[in-house]
$ cat coords.cif   # mmCIF, C-alpha atoms
data_protein
loop_
_atom_site.group_PDB
_atom_site.id
_atom_site.type_symbol
_atom_site.label_atom_id
_atom_site.label_comp_id
_atom_site.auth_asym_id
_atom_site.auth_seq_id
_atom_site.Cartn_x
_atom_site.Cartn_y
_atom_site.Cartn_z
ATOM 1 C CA MET A 1 10.683 3.316 -26.092
ATOM 2 C CA PRO A 2 9.807 0.846 -23.338
ATOM 3 C CA ASN A 3 8.991 -2.673 -24.362
ATOM 4 C CA GLU A 4 5.982 -4.711 -23.212
ATOM 5 C CA LYS A 5 7.787 -6.231 -20.213
ATOM 6 C CA GLN A 6 8.915 -2.841 -18.945
ATOM 7 C CA LEU A 7 5.357 -1.513 -19.230
ATOM 8 C CA LEU A 8 4.103 -4.486 -17.172
ATOM 9 C CA VAL A 9 6.771 -3.772 -14.536
ATOM 10 C CA SER A 10 5.706 -0.113 -14.421
ATOM 11 C CA LEU A 11 2.010 -0.955 -14.127
ATOM 12 C CA ALA A 12 2.589 -3.547 -11.395
ATOM 13 C CA THR A 13 4.842 -1.118 -9.483
ATOM 14 C CA VAL A 14 2.211 1.635 -9.651
ATOM 15 C CA LEU A 15 -0.478 -0.725 -8.337
ATOM 16 C CA VAL A 16 1.732 -1.895 -5.456
ATOM 17 C CA THR A 17 2.679 1.712 -4.645
ATOM 18 C CA ILE A 18 -0.946 2.858 -4.492
ATOM 19 C CA GLY A 19 -1.832 -0.161 -2.352
ATOM 20 C CA ALA A 20 1.090 0.523 0.000
ATOM 21 C CA PHE A 21 0.149 4.193 0.408
ATOM 22 C CA ILE A 22 -3.483 3.262 1.085
ATOM 23 C CA LYS A 23 -2.459 0.609 3.632
ATOM 24 C CA LEU A 24 -0.045 3.026 5.340
ATOM 25 C CA GLY A 25 -2.858 5.585 5.666
ATOM 26 C CA LEU A 26 -1.216 8.273 3.572
ATOM 27 C CA TYR A 27 -4.382 9.040 1.626
ATOM 28 C CA ARG A 28 -6.389 9.395 4.854
ATOM 29 C CA ALA A 29 -4.018 12.016 6.261
ATOM 30 C CA VAL A 30 -5.351 15.538 6.194
ATOM 31 C CA ILE A 31 -2.553 17.636 4.744
ATOM 32 C CA ARG A 32 -3.020 20.354 7.333
ATOM 33 C CA TYR A 33 -2.218 17.909 10.132
ATOM 34 C CA LEU A 34 0.701 16.005 8.579
ATOM 35 C CA SER A 35 3.149 14.835 11.179
ATOM 36 C CA GLU A 36 6.163 12.610 11.604
ATOM 37 C CA HIS A 37 3.839 9.632 11.121
ATOM 38 C CA ALA A 38 3.012 10.768 7.595
ATOM 39 C CA PHE A 39 6.694 11.390 6.900
ATOM 40 C CA LEU A 40 7.545 7.834 7.984
ATOM 41 C CA ALA A 41 4.628 6.479 5.928
ATOM 42 C CA ILE A 42 6.012 8.249 2.866
ATOM 43 C CA ILE A 43 9.495 6.789 3.444
ATOM 44 C CA LEU A 44 8.121 3.289 3.962
ATOM 45 C CA GLY A 45 5.763 3.553 0.979
ATOM 46 C CA VAL A 46 8.539 4.734 -1.339
ATOM 47 C CA ALA A 47 10.826 1.936 -0.077
ATOM 48 C CA ILE A 48 8.096 -0.649 -0.767
ATOM 49 C CA SER A 49 7.579 0.859 -4.210
ATOM 50 C CA SER A 50 11.300 0.722 -5.035
ATOM 51 C CA VAL A 51 11.559 -2.894 -3.885
ATOM 52 C CA ALA A 52 8.473 -3.722 -5.960
ATOM 53 C CA LEU A 53 10.197 -2.244 -9.005
ATOM 54 C CA ILE A 54 13.192 -4.525 -8.428
ATOM 55 C CA VAL A 55 11.060 -7.616 -7.801
ATOM 56 C CA PHE A 56 8.770 -7.089 -10.801
ATOM 57 C CA GLY A 57 11.762 -6.382 -13.033
ATOM 58 C CA PHE A 58 13.179 -9.739 -11.992
ATOM 59 C CA LEU A 59 9.864 -11.630 -12.248
ATOM 60 C CA PHE A 60 9.006 -10.291 -15.720
ATOM 61 C CA GLN A 61 12.627 -10.622 -16.898
ATOM 62 C CA ALA A 62 12.583 -6.947 -17.929
ATOM 63 C CA LEU A 63 15.696 -4.864 -18.266
ATOM 64 C CA VAL A 64 15.737 -2.607 -15.178
ATOM 65 C CA PRO A 65 19.204 -1.183 -14.527
ATOM 66 C CA ARG A 66 20.367 -1.322 -10.901
ATOM 67 C CA SER A 67 20.466 2.467 -10.586
ATOM 68 C CA VAL A 68 16.836 2.931 -11.670
ATOM 69 C CA PRO A 69 15.153 1.857 -8.372
ATOM 70 C CA VAL A 70 17.439 4.189 -6.405
ATOM 71 C CA ILE A 71 16.777 7.146 -8.680
ATOM 72 C CA TYR A 72 13.075 6.269 -8.812
ATOM 73 C CA GLY A 73 12.917 6.114 -5.002
ATOM 74 C CA ALA A 74 14.627 9.487 -4.611
ATOM 75 C CA PHE A 75 12.326 11.199 -7.117
ATOM 76 C CA ALA A 76 9.225 9.492 -5.727
ATOM 77 C CA PHE A 77 10.107 10.653 -2.207
ATOM 78 C CA LEU A 78 10.724 14.219 -3.358
ATOM 79 C CA LEU A 79 7.487 14.338 -5.317
ATOM 80 C CA VAL A 80 5.251 12.686 -2.709
ATOM 81 C CA ALA A 81 6.718 14.375 0.362
ATOM 82 C CA GLY A 82 7.518 17.653 -1.335
ATOM 83 C CA THR A 83 4.041 18.263 -2.686
ATOM 84 C CA ARG A 84 2.338 17.337 0.582
ATOM 85 C CA PHE A 85 4.592 19.437 2.792
ATOM 86 C CA THR A 86 4.448 22.387 0.385
ATOM 87 C CA VAL A 87 0.652 22.324 0.424
ATOM 88 C CA ARG A 88 0.771 21.984 4.220
ATOM 89 C CA ALA A 89 2.966 25.089 4.470
ATOM 90 C CA ILE A 90 0.582 27.040 2.246
ATOM 91 C CA VAL A 91 -2.513 25.869 4.140
ATOM 92 C CA ARG A 92 -0.990 26.631 7.545
ATOM 93 C CA ARG A 93 0.161 30.116 6.520
ATOM 94 C CA PRO A 94 -2.963 31.924 7.890
ATOM 95 C CA ARG A 95 -2.103 30.915 11.465
ATOM 96 C CA GLU A 96 0.578 33.617 11.539
ATOM 97 C CA LYS A 97 -2.178 36.221 11.351
ATOM 98 C CA ALA A 98 -3.633 35.151 14.700
ATOM 99 C CA LYS A 99 -4.149 38.164 16.916
ATOM 100 C CA ASN A 100 -4.401 36.230 20.182
ATOM 101 C CA THR A 101 -0.897 35.228 21.163
ATOM 102 C CA VAL A 102 -0.715 32.901 24.149
ATOM 103 C CA LEU A 103 1.800 31.657 26.665
ATOM 104 C CA ILE A 104 1.349 28.068 27.733
ATOM 105 C CA VAL A 105 1.953 27.412 31.414
ATOM 106 C CA GLY A 106 3.346 23.901 31.565
ATOM 107 C CA ALA A 107 6.022 22.593 29.205
ATOM 108 C CA GLY A 108 5.338 18.879 29.634
ATOM 109 C CA PRO A 109 3.514 16.545 27.261
ATOM 110 C CA LYS A 110 0.183 18.310 27.801
ATOM 111 C CA GLY A 111 1.738 21.700 27.098
ATOM 112 C CA MET A 112 3.307 20.450 23.884
ATOM 113 C CA GLN A 113 0.011 18.850 22.886
ATOM 114 C CA LEU A 114 -1.802 22.138 23.506
ATOM 115 C CA ALA A 115 0.814 24.075 21.506
ATOM 116 C CA SER A 116 0.460 21.640 18.622
ATOM 117 C CA ALA A 117 -3.334 21.884 18.688
ATOM 118 C CA LEU A 118 -3.255 25.695 18.805
ATOM 119 C CA ALA A 119 -0.747 25.826 15.952
ATOM 120 C CA GLN A 120 -3.262 23.984 13.748
ATOM 121 C CA GLY A 121 -5.907 26.639 14.244
ATOM 122 C CA VAL A 122 -6.118 30.278 13.259
ATOM 123 C CA GLU A 123 -7.504 31.942 16.394
ATOM 124 C CA TYR A 124 -4.642 31.503 18.873
ATOM 125 C CA ARG A 125 -0.901 31.379 18.247
ATOM 126 C CA PRO A 126 1.416 29.947 20.913
ATOM 127 C CA VAL A 127 4.501 32.118 21.415
ATOM 128 C CA GLY A 128 6.180 30.488 24.421
ATOM 129 C CA PHE A 129 6.040 28.260 27.460
ATOM 130 C CA VAL A 130 6.208 28.966 31.172
ATOM 131 C CA SER A 131 7.635 25.985 32.995
ATOM 132 C CA LEU A 132 7.724 25.017 36.641
ATOM 133 C CA VAL A 133 10.662 22.678 35.984
ATOM 134 C CA SER A 134 13.969 24.537 36.259
ATOM 135 C CA SER A 135 15.775 22.298 33.746
ATOM 136 C CA ASN A 136 13.416 23.562 31.012
ATOM 137 C CA HIS A 137 14.117 27.255 31.617
ATOM 138 C CA ARG A 138 15.968 29.240 28.941
ATOM 139 C CA SER A 139 15.555 26.512 26.342
ATOM 140 C CA LEU A 140 13.383 25.915 23.289
ATOM 141 C CA ILE A 141 10.551 23.399 23.106
ATOM 142 C CA SER A 142 8.933 22.924 19.691
ATOM 143 C CA GLY A 143 10.754 26.078 18.607
ATOM 144 C CA LEU A 144 9.181 28.188 21.375
ATOM 145 C CA PRO A 145 11.145 29.777 24.243
ATOM 146 C CA VAL A 146 10.642 28.526 27.802
ATOM 147 C CA TYR A 147 10.521 30.939 30.742
ATOM 148 C CA SER A 148 10.363 30.351 34.463
ATOM 149 C CA VAL A 149 7.378 31.458 36.541
ATOM 150 C CA GLU A 150 9.567 34.163 38.114
ATOM 151 C CA HIS A 151 10.030 35.703 34.660
ATOM 152 C CA LEU A 152 6.367 35.616 33.636
ATOM 153 C CA GLU A 153 6.120 39.420 33.255
ATOM 154 C CA LYS A 154 9.272 39.438 31.121
ATOM 155 C CA ALA A 155 7.826 36.675 28.920
ATOM 156 C CA VAL A 156 4.549 38.557 28.427
ATOM 157 C CA ARG A 157 6.421 41.745 27.558
ATOM 158 C CA GLU A 158 9.006 40.164 25.217
ATOM 159 C CA LEU A 159 6.586 37.860 23.403
ATOM 160 C CA ASP A 160 3.644 40.283 23.413
ATOM 161 C CA ALA A 161 1.379 37.557 24.787
ATOM 162 C CA SER A 162 -2.259 38.482 25.330
ATOM 163 C CA ARG A 163 -3.261 35.339 27.274
ATOM 164 C CA ALA A 164 -1.869 32.499 29.324
ATOM 165 C CA LEU A 165 -3.288 28.995 29.072
ATOM 166 C CA LEU A 166 -2.729 26.300 31.682
ATOM 167 C CA ALA A 167 -1.560 22.865 30.597
ATOM 168 C CA LEU A 168 -0.310 21.377 33.821
ATOM 169 C CA GLU A 169 0.290 17.686 34.385
ATOM 170 C CA GLU A 170 -1.528 15.769 37.094
ATOM 171 C CA LEU A 171 0.394 15.628 40.344
ATOM 172 C CA TRP A 172 -0.995 12.345 41.658
#

$ encode --input "coords.cif" --output "structure tokens"
Amino acid sequence: MPNEKQLLVSLATVLVTIGAFIKLGLYRAVIRYLSEHAFLAIILGVAISSVALIVFGFLFQALVPRSVPVIYGAFAFLLVAGTRFTVRAIVRRPREKAKNTVLIVGAGPKGMQLASALAQGVEYRPVGFVSLVSSNHRSLISGLPVYSVEHLEKAVRELDASRALLALEELW
């Protein structure tokens, strides 16, 4: 049974953790659009929480074994990140039912941005890129194959694409 000092440490750690997650914007993130930013916010928030546990244990002179903050941090990360990314996977599942598969012409930053935006929706599903840059050909970008313009018919046939969307970078 925890004593009074250990309960104070727990309460203070919870308050700091909630404050850290609010400040890092984790509670503003829409689960459907979680990205690397949210992943880094979770890591940083859990690290702050673990350090708070150590500091409050020292300040309140409570018995907190050295292994507890490490174990706490690991479980906190698994619970916070795991639940959010599991819900994200469930919420994003309907996108696989999209009937309109599209090829994106342009594999630069705008093409990747378009692919990411389409992947969030349910109407269109990106299946590949067509690139004008030869170094991109026969590679994967964001998990999607990249074809050259010369192999556009092959890409449409292999990927069963119904549309092509342009996402070309500015030339000047």

$ resolve_selection --input "coords.cif" --expression "the PyMOL selection byres ((chain A and resi 26) around 10)" --output "JSON list (two decimals) with C-alpha atoms, in the frame of the given file"
[["chain", "number", "residue", "atom", "x", "y", "z"],
["A", 18, "ILE", "CA", -0.95, 2.86, -4.49],
["A", 20, "ALA", "CA", 1.09, 0.52, 0.00],
["A", 21, "PHE", "CA", 0.15, 4.19, 0.41],
["A", 22, "ILE", "CA", -3.48, 3.26, 1.08],
["A", 23, "LYS", "CA", -2.46, 0.61, 3.63],
["A", 24, "LEU", "CA", -0.04, 3.03, 5.34],
["A", 25, "GLY", "CA", -2.86, 5.58, 5.67],
["A", 27, "TYR", "CA", -4.38, 9.04, 1.63],
["A", 28, "ARG", "CA", -6.39, 9.40, 4.85],
["A", 29, "ALA", "CA", -4.02, 12.02, 6.26],
["A", 30, "VAL", "CA", -5.35, 15.54, 6.19],
["A", 31, "ILE", "CA", -2.55, 17.64, 4.74],
["A", 34, "LEU", "CA", 0.70, 16.00, 8.58],
["A", 37, "HIS", "CA", 3.84, 9.63, 11.12],
["A", 38, "ALA", "CA", 3.01, 10.77, 7.60],
["A", 39, "PHE", "CA", 6.69, 11.39, 6.90],
["A", 40, "LEU", "CA", 7.54, 7.83, 7.98],
["A", 41, "ALA", "CA", 4.63, 6.48, 5.93],
["A", 42, "ILE", "CA", 6.01, 8.25, 2.87],
["A", 45, "GLY", "CA", 5.76, 3.55, 0.98]]

$ resolve_selection --input "coords.cif" --expression "the PyMOL selection byres ((chain A and resi 128) around 9)" --output "list in words"
Val102, Leu103, Ile104, Val105, Ala115, Pro126, Val127, Phe129, Val130, Leu140, Ile141, Gly143, Leu144, Pro145, Val146, Tyr147, Ala155, Leu159 and Ala161 of chain A

$ atom_distance --input "coords.cif" --atom1 "CA of Pro65 (chain A)" --atom2 "CA of Gln6 (chain A)"
11.3 Å

$ atom_distance --input "coords.cif" --atom1 "CA of Leu59 (chain A)" --atom2 "CA of Leu7 (chain A)"
13.1 Å

$ resolve_selection --input "coords.cif" --expression "the PyMOL selection byres ((chain A and resi 3) around 12)" --output "list in words"
Met1, Pro2, Glu4, Lys5, Gln6, Leu7, Leu8, Val9, Ser10, Phe60, Gln61, Ala62, Leu63 and Val64 of chain A

$ closest_residue --input "coords.cif" --among "A:Val70, A:Ala107, A:Leu79, A:Val14" --to "Ala167 (chain A)" --atoms "all atoms listed in the file"
A:Ala107

$ atom_distance --input "coords.cif" --atom1 "CA of Phe77 (chain A)" --atom2 "CA of Gly19 (chain A)"
16.1 Å

$ closest_residue --input "coords.cif" --among "A:His151, A:Phe85, A:Gln120, A:Leu114" --to "Glu36 (chain A)" --atoms "all atoms listed in the file"
A:Phe85

$ residues_around --input "coords.cif" --residues "Pro69 (chain A)" --least-positions-apart "3" --cutoff "9 Å" --atoms "all atoms listed in the file" --output "list in words"
Ser49, Ser50, Val51, Leu53, Ile54, Val64, Pro65, Arg66, Tyr72, Gly73 and Ala74 of chain A

$ closest_residue --input "coords.cif" --among "A:Ala12, A:Ala89, A:Glu169, A:Ser67" --to "Val133 (chain A)" --atoms "only C-alpha atoms"
A:Glu169

$ closest_residue --input "coords.cif" --among "A:His137, A:Arg163, A:Lys154, A:Lys99" --to "Val122 (chain A)" --atoms "only C-alpha atoms"
A:Lys99
